[in-house]
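Participant: Dropping in protein15.cif, with mmCIF, C-alpha atoms.
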```
data_my_file
#
loop_
_atom_site.label_atom_id
_atom_site.label_comp_id
_atom_site.auth_asym_id
_atom_site.auth_seq_id
_atom_site.Cartn_x
_atom_site.Cartn_y
_atom_site.Cartn_z
CA MET A 1 0.00 0.00 0.00
CA THR A 2 2.90 2.38 0.69
CA ALA A 3 3.82 2.17 -2.96
CA ARG A 4 0.57 3.83 -3.95
CA PRO A 5 1.20 7.40 -2.71
CA LEU A 6 4.64 7.24 -4.26
CA ALA A 7 3.22 6.06 -7.56
CA LEU A 8 0.63 8.84 -7.45
CA ALA A 9 3.32 11.39 -6.65
CA LEU A 10 5.42 10.15 -9.54
CA ALA A 11 2.43 10.22 -11.85
CA GLY A 12 1.72 13.78 -10.74
CA LEU A 13 5.30 14.73 -11.36
CA GLY A 14 5.09 13.13 -14.79
CA LEU A 15 2.00 15.21 -15.55
CA LEU A 16 3.77 18.36 -14.43
CA LEU A 17 6.71 17.52 -16.65
CA LEU A 18 4.39 16.86 -19.55
CA ALA A 19 2.58 20.10 -18.96
CA GLY A 20 5.92 21.88 -18.99
CA CYS A 21 6.88 20.33 -22.28
CA GLU A 22 6.56 23.07 -24.82
CA THR A 23 7.44 20.96 -27.81
CA GLY A 24 4.26 19.02 -28.14
CA GLY A 25 4.71 16.07 -25.81
CA ALA A 26 1.09 15.08 -25.37
CA ASP A 27 -0.63 15.16 -22.04
CA ALA A 28 -1.25 11.74 -20.59
CA LEU A 29 -4.27 10.28 -22.30
CA GLU A 30 -7.42 9.84 -20.28
CA ALA A 31 -9.85 7.06 -20.92
CA GLY A 32 -13.28 8.06 -22.19
CA GLN A 33 -16.51 6.37 -21.17
CA ASP A 34 -15.70 3.58 -23.62
CA GLY A 35 -12.49 2.85 -21.68
CA ILE A 36 -10.36 3.81 -24.67
CA LEU A 37 -7.39 6.14 -24.21
CA GLY A 38 -7.22 7.41 -27.81
CA VAL A 39 -8.71 10.84 -28.47
CA PRO A 40 -12.13 10.28 -30.07
CA LEU A 41 -12.65 12.06 -33.39
CA GLU A 42 -15.61 14.41 -33.40
CA GLU A 43 -16.84 12.66 -36.47
CA PRO A 44 -15.63 9.19 -37.49
CA VAL A 45 -14.26 9.18 -41.04
CA ALA A 46 -14.63 6.37 -43.56
CA LYS A 47 -11.51 4.67 -44.81
CA PRO A 48 -10.75 6.34 -48.13
CA ASP A 49 -11.13 4.35 -51.32
CA VAL A 50 -7.62 4.58 -52.73
CA VAL A 51 -4.96 2.36 -54.24
CA LEU A 52 -1.42 3.27 -53.22
CA THR A 53 1.93 1.51 -53.77
CA ASP A 54 3.57 -0.36 -50.92
CA HIS A 55 7.27 -0.41 -50.04
CA HIS A 56 7.76 -3.55 -52.12
CA GLY A 57 6.40 -1.73 -55.18
CA GLU A 58 3.09 -3.65 -55.12
CA PRO A 59 -0.30 -1.98 -55.43
CA PHE A 60 -2.07 -1.58 -52.10
CA ASP A 61 -5.85 -1.21 -52.16
CA LEU A 62 -6.43 0.42 -48.78
CA ARG A 63 -9.98 -0.82 -48.24
CA ALA A 64 -9.43 -4.34 -49.57
CA GLU A 65 -6.11 -4.91 -47.77
CA THR A 66 -7.33 -3.74 -44.37
CA ASP A 67 -11.01 -4.67 -44.52
CA GLY A 68 -12.47 -5.38 -41.09
CA GLU A 69 -9.14 -5.03 -39.29
CA LEU A 70 -7.85 -2.56 -36.74
CA THR A 71 -5.65 -0.22 -38.80
CA LEU A 72 -3.29 2.51 -37.64
CA ALA A 73 -2.18 5.15 -40.14
CA PHE A 74 0.56 7.73 -39.75
CA PHE A 75 1.54 10.32 -42.35
CA GLY A 76 5.19 11.35 -42.48
CA TYR A 77 8.31 11.09 -44.59
CA ALA A 78 11.53 9.12 -44.53
CA SER A 79 13.95 12.08 -44.48
CA CYS A 80 12.43 13.27 -41.20
CA PRO A 81 14.96 12.49 -38.47
CA ASP A 82 12.89 13.09 -35.36
CA ILE A 83 9.14 12.60 -35.01
CA CYS A 84 8.52 10.08 -37.82
CA PRO A 85 11.08 7.42 -36.86
CA VAL A 86 10.30 7.87 -33.16
CA HIS A 87 6.58 7.22 -33.80
CA MET A 88 7.35 4.12 -35.84
CA ALA A 89 9.92 2.94 -33.29
CA ASN A 90 7.35 3.34 -30.52
CA LEU A 91 4.80 1.32 -32.45
CA THR A 92 7.43 -1.34 -33.10
CA SER A 93 8.04 -1.57 -29.34
CA VAL A 94 4.29 -1.81 -28.80
CA PHE A 95 4.13 -4.70 -31.27
CA ASP A 96 6.98 -6.40 -29.40
CA ARG A 97 4.88 -6.30 -26.23
CA LEU A 98 1.76 -7.81 -27.76
CA PRO A 99 1.22 -11.47 -28.67
CA SER A 100 1.19 -12.28 -32.38
CA THR A 101 -2.44 -13.41 -32.02
CA VAL A 102 -3.18 -9.69 -31.54
CA THR A 103 -0.61 -8.07 -33.86
CA ASP A 104 -1.49 -10.41 -36.75
CA ARG A 105 -4.87 -8.67 -36.84
CA ILE A 106 -3.55 -5.10 -36.79
CA ASN A 107 -2.27 -3.10 -39.76
CA VAL A 108 0.25 -0.29 -39.27
CA LEU A 109 0.57 1.99 -42.28
CA PHE A 110 3.19 4.69 -42.85
CA VAL A 111 1.90 6.90 -45.68
CA THR A 112 4.49 9.26 -47.11
CA THR A 113 3.76 12.97 -47.41
CA ASP A 114 6.80 13.29 -49.68
CA PRO A 115 6.33 10.85 -52.57
CA ALA A 116 8.92 12.66 -54.72
CA ARG A 117 11.70 11.36 -52.49
CA ASP A 118 9.89 8.43 -50.91
CA THR A 119 9.86 5.95 -53.76
CA PRO A 120 9.04 2.35 -52.87
CA GLU A 121 12.81 1.72 -52.76
CA ALA A 122 13.41 4.60 -50.30
CA LEU A 123 10.49 3.43 -48.16
CA GLU A 124 11.81 -0.12 -48.16
CA VAL A 125 15.05 1.17 -46.57
CA PHE A 126 13.11 3.27 -44.02
CA MET A 127 10.64 0.52 -43.12
CA GLY A 128 13.56 -1.91 -42.65
CA SER A 129 14.21 -0.29 -39.26
CA PHE A 130 10.76 -1.15 -37.91
CA ASP A 131 8.43 -4.12 -37.44
CA SER A 132 8.50 -6.21 -40.59
CA ASP A 133 4.69 -6.27 -40.77
CA PHE A 134 4.41 -2.48 -41.02
CA VAL A 135 3.61 -1.20 -44.50
CA GLY A 136 5.11 1.90 -46.12
CA LEU A 137 2.88 3.51 -48.75
CA THR A 138 3.54 5.99 -51.52
CA GLY A 139 1.60 7.29 -54.51
CA ASP A 140 0.90 10.49 -56.43
CA LEU A 141 1.15 13.59 -54.29
CA ASP A 142 -2.33 14.75 -55.39
CA GLU A 143 -3.78 11.40 -54.40
CA ILE A 144 -2.10 11.54 -50.99
CA VAL A 145 -3.20 15.13 -50.36
CA ASP A 146 -6.79 14.16 -51.28
CA LEU A 147 -6.57 11.21 -48.92
CA MET A 148 -5.36 13.44 -46.08
CA THR A 149 -8.04 16.03 -46.78
CA GLU A 150 -10.68 13.31 -46.69
CA LEU A 151 -9.36 12.31 -43.26
CA ASN A 152 -9.51 15.93 -42.00
CA LEU A 153 -5.72 15.99 -41.59
CA PRO A 154 -3.58 19.08 -42.20
CA ARG A 155 -2.06 18.90 -45.67
CA PRO A 156 1.71 18.49 -46.08
CA VAL A 157 3.69 21.73 -46.04
CA PHE A 158 6.84 21.75 -48.18
CA GLU A 159 9.65 24.01 -47.02
CA GLU A 160 11.91 25.75 -49.52
CA PRO A 161 14.80 23.46 -50.55
CA ASP A 162 18.20 24.57 -49.24
CA ASP A 163 21.36 24.91 -51.35
CA ASP A 164 21.79 21.15 -51.42
CA GLY A 165 18.21 20.59 -52.50
CA PHE A 166 17.24 19.20 -49.09
CA TYR A 167 13.82 20.19 -47.81
CA GLU A 168 11.62 19.42 -44.87
CA VAL A 169 7.93 18.63 -44.92
CA GLY A 170 5.34 19.52 -42.33
CA HIS A 171 3.08 16.55 -41.65
CA PRO A 172 0.35 15.50 -39.18
CA ALA A 173 1.81 14.51 -35.82
CA GLN A 174 -0.90 12.04 -34.83
CA VAL A 175 -1.69 8.40 -35.59
CA LEU A 176 -5.24 7.59 -36.73
CA ALA A 177 -6.99 4.36 -35.73
CA PHE A 178 -9.58 2.77 -38.02
CA LEU A 179 -11.78 0.26 -36.24
CA PRO A 180 -12.71 -3.25 -37.39
CA ASP A 181 -16.43 -2.57 -36.72
CA ASP A 182 -17.02 -0.11 -39.54
CA ASP A 183 -13.62 0.64 -41.13
CA HIS A 184 -13.94 4.24 -39.98
CA ALA A 185 -11.25 6.26 -38.18
CA HIS A 186 -12.55 6.82 -34.65
CA TYR A 187 -9.49 7.75 -32.59
CA ALA A 188 -6.35 9.84 -32.88
CA TYR A 189 -3.16 9.23 -30.94
CA PRO A 190 -1.20 12.46 -30.55
CA TRP A 191 2.57 12.76 -30.58
CA GLY A 192 3.87 11.61 -27.21
CA THR A 193 1.34 8.80 -26.71
CA ARG A 194 2.94 6.30 -24.37
CA GLN A 195 3.69 2.79 -25.48
CA SER A 196 1.64 1.44 -22.58
CA ASP A 197 -1.38 3.47 -23.73
CA PHE A 198 -1.06 2.18 -27.28
CA THR A 199 -0.69 -1.35 -25.97
CA HIS A 200 -3.82 -0.99 -23.85
CA ASP A 201 -5.92 0.36 -26.71
CA LEU A 202 -4.71 -2.08 -29.37
CA ARG A 203 -5.60 -5.01 -27.11
CA ALA A 204 -8.99 -3.46 -26.42
CA LEU A 205 -9.82 -2.49 -30.00
CA VAL A 206 -8.50 -5.42 -32.00
CA ASP A 207 -11.93 -7.07 -31.79
CA GLY A 208 -13.73 -3.79 -32.36
CA ALA A 209 -15.15 -1.00 -30.24
CA ALA A 210 -18.34 -2.96 -29.55
CA ALA A 211 -16.30 -5.75 -27.96
CA ALA A 212 -14.21 -3.21 -26.03
CA ARG A 213 -17.17 -1.61 -24.24
CA PRO A 214 -16.95 -2.19 -20.51
CA MET B 1 69.31 52.77 -30.92
CA THR B 2 65.61 53.27 -31.29
CA ARG B 3 63.64 54.70 -28.50
CA VAL B 4 60.26 53.16 -27.83
CA SER B 5 57.51 55.71 -27.66
CA PRO B 6 55.57 55.59 -24.39
CA TRP B 7 52.45 55.87 -26.48
CA LEU B 8 53.35 52.70 -28.34
CA VAL B 9 53.92 50.93 -25.05
CA ALA B 10 50.56 52.14 -23.81
CA LEU B 11 48.90 50.94 -27.01
CA ALA B 12 50.58 47.54 -26.72
CA LEU B 13 49.40 47.22 -23.13
CA LEU B 14 45.90 48.19 -24.14
CA VAL B 15 45.86 45.58 -26.92
CA ALA B 16 47.18 42.99 -24.49
CA ALA B 17 44.53 43.93 -21.96
CA VAL B 18 41.73 43.66 -24.52
CA GLY B 19 43.20 40.35 -25.64
CA CYS B 20 43.20 39.15 -22.05
CA ALA B 21 39.58 40.12 -21.65
CA ASP B 22 38.72 38.05 -24.72
CA ASP B 23 40.70 35.13 -23.37
CA ASP B 24 38.83 35.34 -20.10
CA ALA B 25 35.51 35.15 -21.93
CA ALA B 26 36.62 32.15 -23.96
CA GLU B 27 37.92 30.46 -20.86
CA ALA B 28 34.44 30.16 -19.37
CA ALA B 29 34.21 26.38 -19.38
CA PRO B 30 31.66 24.85 -21.74
CA PRO B 31 28.74 23.19 -19.92
CA GLU B 32 28.92 19.47 -19.34
CA VAL B 33 27.30 17.42 -22.08
CA THR B 34 26.08 13.95 -21.18
CA GLY B 35 24.11 11.12 -22.73
CA ALA B 36 24.75 12.18 -26.33
CA GLU B 37 23.05 9.66 -28.59
CA THR B 38 21.78 9.17 -32.12
CA PRO B 39 19.13 6.58 -32.83
CA GLU B 40 20.36 4.44 -35.72
CA PRO B 41 18.95 6.39 -38.66
CA ALA B 42 16.05 4.81 -40.51
CA ALA B 43 16.75 6.98 -43.55
CA PRO B 44 20.21 6.99 -45.10
CA ASP B 45 20.71 10.77 -45.26
CA VAL B 46 19.59 12.33 -41.97
CA ALA B 47 20.03 11.71 -38.26
CA ALA B 48 19.24 13.43 -34.98
CA VAL B 49 21.40 13.88 -31.90
CA TYR B 50 19.91 14.09 -28.43
CA ALA B 51 21.86 14.98 -25.27
CA THR B 52 21.65 16.69 -21.93
CA ILE B 53 23.54 19.95 -21.61
CA GLY B 54 24.30 20.79 -18.00
CA ASP B 55 24.24 24.03 -16.03
CA PRO B 56 26.42 26.58 -17.84
CA GLY B 57 26.87 28.64 -14.68
CA PRO B 58 25.31 31.90 -13.52
CA ASP B 59 25.76 33.73 -16.83
CA GLY B 60 24.02 31.16 -19.00
CA ASP B 61 25.22 30.23 -22.46
CA THR B 62 23.96 29.56 -25.96
CA LEU B 63 24.65 26.55 -28.14
CA VAL B 64 25.38 28.29 -31.43
CA GLY B 65 26.56 25.48 -33.68
CA ALA B 66 27.87 21.96 -34.06
CA SER B 67 30.07 20.05 -36.44
CA THR B 68 31.12 16.47 -37.11
CA ASP B 69 33.06 14.51 -39.68
CA VAL B 70 30.16 12.11 -40.26
CA ALA B 71 27.83 14.64 -41.90
CA GLU B 72 28.12 17.34 -44.51
CA ARG B 73 26.01 19.77 -42.56
CA VAL B 74 24.81 20.13 -39.02
CA GLU B 75 21.91 22.32 -37.91
CA LEU B 76 20.18 23.08 -34.65
CA HIS B 77 16.50 22.22 -34.87
CA GLU B 78 13.31 22.09 -32.91
CA SER B 79 10.30 19.95 -33.74
CA VAL B 80 7.13 21.89 -33.13
CA ILE B 81 3.50 20.91 -33.43
CA ASP B 82 1.16 23.60 -34.72
CA ASP B 83 -2.38 24.14 -33.48
CA ASP B 84 -3.75 22.20 -36.45
CA GLY B 85 -1.77 19.14 -35.38
CA SER B 86 0.88 19.56 -38.05
CA ALA B 87 4.45 18.70 -37.06
CA ARG B 88 7.35 20.56 -38.59
CA MET B 89 10.96 21.36 -37.88
CA VAL B 90 12.29 24.82 -37.27
CA GLU B 91 15.95 25.68 -37.77
CA LEU B 92 17.20 27.66 -34.77
CA GLU B 93 19.51 30.17 -36.38
CA ASP B 94 20.01 32.07 -33.13
CA GLY B 95 21.08 28.91 -31.35
CA ILE B 96 19.70 27.03 -28.37
CA ASP B 97 19.53 28.84 -25.04
CA VAL B 98 21.29 27.01 -22.23
CA ALA B 99 19.65 28.48 -19.17
CA ALA B 100 21.75 29.61 -16.22
CA GLY B 101 21.44 27.19 -13.32
CA GLU B 102 19.54 24.69 -15.45
CA GLY B 103 20.99 23.69 -18.78
CA VAL B 104 18.80 22.23 -21.50
CA VAL B 105 17.73 18.81 -22.73
CA LEU B 106 17.82 17.90 -26.41
CA GLU B 107 15.18 15.21 -26.75
CA ARG B 108 12.94 13.29 -29.10
CA GLY B 109 10.22 15.49 -30.51
CA GLY B 110 11.88 18.67 -29.23
CA LEU B 111 15.24 20.35 -29.52
CA HIS B 112 17.84 18.37 -31.39
CA VAL B 113 21.00 18.58 -33.44
CA MET B 114 20.22 17.47 -36.97
CA LEU B 115 22.85 15.85 -39.18
CA MET B 116 22.23 16.22 -42.90
CA GLY B 117 24.08 14.54 -45.73
CA LEU B 118 25.49 11.63 -43.73
CA GLU B 119 28.91 10.69 -45.06
CA THR B 120 29.36 7.71 -42.80
CA GLU B 121 26.80 4.98 -42.24
CA LEU B 122 25.80 5.07 -38.59
CA ALA B 123 24.94 1.69 -37.11
CA GLU B 124 23.91 0.70 -33.61
CA GLY B 125 27.00 0.39 -31.40
CA ASP B 126 29.02 2.95 -33.39
CA ARG B 127 30.42 6.01 -31.71
CA TYR B 128 31.41 9.27 -33.37
CA GLU B 129 32.65 12.68 -32.33
CA LEU B 130 30.50 15.79 -32.38
CA THR B 131 31.85 19.24 -31.57
CA LEU B 132 29.41 21.63 -29.95
CA GLU B 133 30.13 25.32 -30.04
CA PHE B 134 28.93 27.53 -27.21
CA GLU B 135 28.86 31.30 -27.40
CA ARG B 136 30.63 31.80 -24.09
CA GLY B 137 32.06 28.41 -23.22
CA GLY B 138 33.71 27.74 -26.56
CA GLU B 139 33.92 24.32 -28.13
CA VAL B 140 33.53 20.94 -26.56
CA THR B 141 33.83 17.61 -28.37
CA VAL B 142 31.68 14.74 -27.15
CA ASP B 143 31.33 11.08 -28.09
CA VAL B 144 27.90 10.27 -29.50
CA ASP B 145 26.64 6.70 -29.15
CA VAL B 146 24.52 5.26 -31.93
CA VAL B 147 21.65 3.51 -30.15
CA PRO B 148 18.92 1.22 -31.53
CA THR B 149 16.22 2.92 -33.57
CA VAL B 150 13.66 1.06 -31.53
CA GLY B 151 13.69 1.17 -27.75
CA GLY B 152 14.10 4.84 -26.99
CA ASP B 153 12.01 6.92 -24.66
CA ASP B 154 8.46 5.81 -24.26
CA GLY B 155 6.20 8.05 -26.27
CA GLY B 156 8.77 10.60 -27.27
CA GLY B 157 9.19 14.01 -25.80
CA GLY B 158 11.60 12.53 -23.32
CA HIS B 159 9.11 12.56 -20.46
CA GLY B 160 7.64 9.11 -20.68
CA GLY B 161 10.34 7.23 -18.84
CA GLN B 162 12.49 4.53 -20.24
CA ASP B 163 10.86 1.31 -21.15
CA GLU B 164 13.29 -1.56 -21.18
CA ALA B 165 10.72 -4.25 -21.63
CA HIS B 166 11.23 -4.87 -25.31
CA GLY B 167 12.27 -8.25 -26.55
CA ASP B 168 15.00 -8.57 -29.10
CA ASP B 169 13.96 -6.65 -32.11
CA ASP B 170 14.27 -9.02 -34.98
CA GLY B 171 11.56 -7.21 -36.91
#
```
So that I can check it, write out the structure of this file as structure tokens.
Facilitator:
Amino acid sequence: MTARPLALALAGLGLLLLAGCETGGADALEAGQDGILGVPLEEPVAKPDVVLTDHHGEPFDLRAETDGELTLAFFGYASCPDICPVHMANLTSVFDRLPSTVTDRINVLFVTTDPARDTPEALEVFMGSFDSDFVGLTGDLDEIVDLMTELNLPRPVFEEPDDDGFYEVGHPAQVLAFLPDDDHAHYAYPWGTRQSDFTHDLRALVDGAAAARP
Amino acid sequence: MTRVSPWLVALALLVAAVGCADDDAAEAAPPEVTGAETPEPAAPDVAAVYATIGDPGPDGDTLVGASTDVAERVELHESVIDDDGSARMVELEDGIDVAAGEGVVLERGGLHVMLMGLETELAEGDRYELTLEFERGGEVTVDVDVVPTVGGDDGGGGHGGQDEAHGDDDG
């Protein structure tokens, strides 16, 4: 029992630290009435009807490939050294914690916001650092921008290239979760979501939100 | 025999004194830099460096630049998330403030040193040298450890606490 006040104090300290984090570390997620920690979207969004190209160069029909399965989607780019690889590394650690009976029924998609540089070959290199079941997706920029608009995500912002032709791309910081029940995105996971929170929600949602209700 | 003008002597002393003042400023020790690490880059051309910069003393200091042999260019960056949820990186041309009595933490999703145009492949277990330049404290060269891409701070932002409970990553 003595551990409890200490744990609470530490949790409080953690919250204070998070609150003091000016660079977008998310506040600790709080469970809604459905027991889910992800931030519910005001309006669930249908999975867009689009065919992209995966990191092996094969066509990837989003709806057909992920039909009826819990699907996480993140939009970023391979030449991003900070937020993008950290998100994917976190999700890889989450997958390491979960049994394959759960992860086999979850799709994790990394959709590039920078298809000019992120060819299937470039994505294959990038995805090689993460869980081998994760899928990198590229396509026409217009198609990807339409897809993001459909999902109510901010569109990619391309910075001016520097003298070496290198440029950075603004991209959404959050991960979207499409549920097995209706193939709609229902939750967003902001930058800074803890691995333990992801683990909790993926376990709870893999069989659908209806099954997750307490 | 040439006679040295007293004015020249005075000028020489003045120059020496000014020089000494400069030396004193440069002799302010650079703050201690610990835990410098680079996650093994997932992309072949860019990498980030995270580290903890210690208390620079009562006058504070500013990290104004960095250099290394492993990359063509090095910039000081901050990842920021806009109100619309869009993440982007900002180059900090005025440097990174190292607060007096506190120091500063370069961490995932926040302040970082960005390496661009990698000239050496960085793999887990490697170590390379990075020179940090401080406005007051001058230069300090630190060893940077290349750590696994996967298995860093939980959640990013550096506040989530370390999570060691990953199995071997054979993914």
Participant: Identify which of the residues A:Val145, A:Val86, A:Leu52, A:Leu202 lies closest to B:Ala47, counting only C-alpha atoms when measuring atom-to-atom distances.
Facilitator: A:Val86
Participant: Residue by residue, what does the PyMOL selection byres ((chain B and resi 125-134) around 7) grab here? Present the result as a list in words.
Facilitator: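 Residues picked by the PyMOL selection byres ((chain B and resi 125-134) around 7): Pro30, Asp61, Thr62, Leu63, Val64, Gly65, Ala66, Ser67, Thr68, Leu122, Ala123, Glu124, Glu135, Arg136, Gly137, Gly138, Glu139, Val140, Thr141, Val142, Asp143, Val144, Asp145, Val146 and Val147 of chain B.
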Participant: Suppose a student applies the PyMOL selection byres ((chain A and resi 173) around 9) to this structure; what residues should they get, written as a list in words?
Facilitator: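 Listing what the PyMOL selection byres ((chain A and resi 173) around 9) selects in the shown file: Phe74, Phe75, Gly76, Ile83, Cys84, His87, Gly170, His171, Pro172, Gln174, Val175, Tyr189, Pro190 and Trp191 of chain A; Ile81, Gly85, Ser86, Ala87 and Arg88 of chain B.
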Participant: Take the PyMOL selection byres ((chain B and resi 95-101) around 10), apply it to the structure above, and return the hits as a ChimeraX atom specification.
Facilitator: /B:31,53-65,75-78,91-94,102-106,111-113,133-135
Participant: Can you work out the spacing between atom CA of A:Val51 and atom CA of A:Leu72 in Å, to one decimal?
Facilitator: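 Those two atoms sit 16.7 Å apart.
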Participant: Choose the residue, out of A:Gln33, A:Asn152, A:Asn107, A:Asn90, that has the smallest atom-to-atom separation from chain B; count only C-alpha atoms.
Facilitator: A:Asn90
Participant: One number please: atom CA of A:Tyr77 to atom CA of A:Leu137, in Å, one decimal.
Facilitator: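 Computing the Euclidean distance for atom CA of A:Tyr77 and atom CA of A:Leu137 yields 10.2 Å.
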Participant: If we count all atoms listed in the file, what is near A:Leu70 at a cut-off of 9 Å, once residues fewer than 3 positions away on the same chain are taken out, given as a CSV table (one decimal) with C-alpha atoms, keeping the file's coordinate frame?
Facilitator:
```csv
chain,number,residue,atom,x,y,z
A,66,THR,CA,-7.3,-3.7,-44.4
A,67,ASP,CA,-11.0,-4.7,-44.5
A,105,ARG,CA,-4.9,-8.7,-36.8
A,106,ILE,CA,-3.6,-5.1,-36.8
A,107,ASN,CA,-2.3,-3.1,-39.8
A,108,VAL,CA,0.2,-0.3,-39.3
A,177,ALA,CA,-7.0,4.4,-35.7
A,178,PHE,CA,-9.6,2.8,-38.0
A,179,LEU,CA,-11.8,0.3,-36.2
A,180,PRO,CA,-12.7,-3.2,-37.4
A,181,ASP,CA,-16.4,-2.6,-36.7
A,183,ASP,CA,-13.6,0.6,-41.1
A,202,LEU,CA,-4.7,-2.1,-29.4
A,205,LEU,CA,-9.8,-2.5,-30.0
A,206,VAL,CA,-8.5,-5.4,-32.0
A,207,ASP,CA,-11.9,-7.1,-31.8
A,208,GLY,CA,-13.7,-3.8,-32.4
```
Participant: Give as a ChimeraX atom specification the set of residues within 10 Å of the point (-10.8, 7.2, -29.5), where distances use the file's coordinates and all atoms listed in the file.
Facilitator: /A:31-32,34-42,44,176-179,185-189,201,205,209
Participant: Taking into account all atoms listed in the file, which residue in the set A:Arg194, A:His55, A:Arg213, A:His200 is nearest to chain B?
Facilitator: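 Smallest separation from chain B among the options: A:Arg194.
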Participant: From the list A:Ala73, A:Ala64, A:Cys80, A:Ala212, which residue is nearest chain B when using all atoms listed in the file?
Facilitator: A:Cys80
Participant: Please determine, counting all atoms listed in the file, which residue among B:Asp69, B:Asp82, B:Glu37, B:Glu32 has the shortest atom-to-atom distance to chain A.
Facilitator: B:Asp82
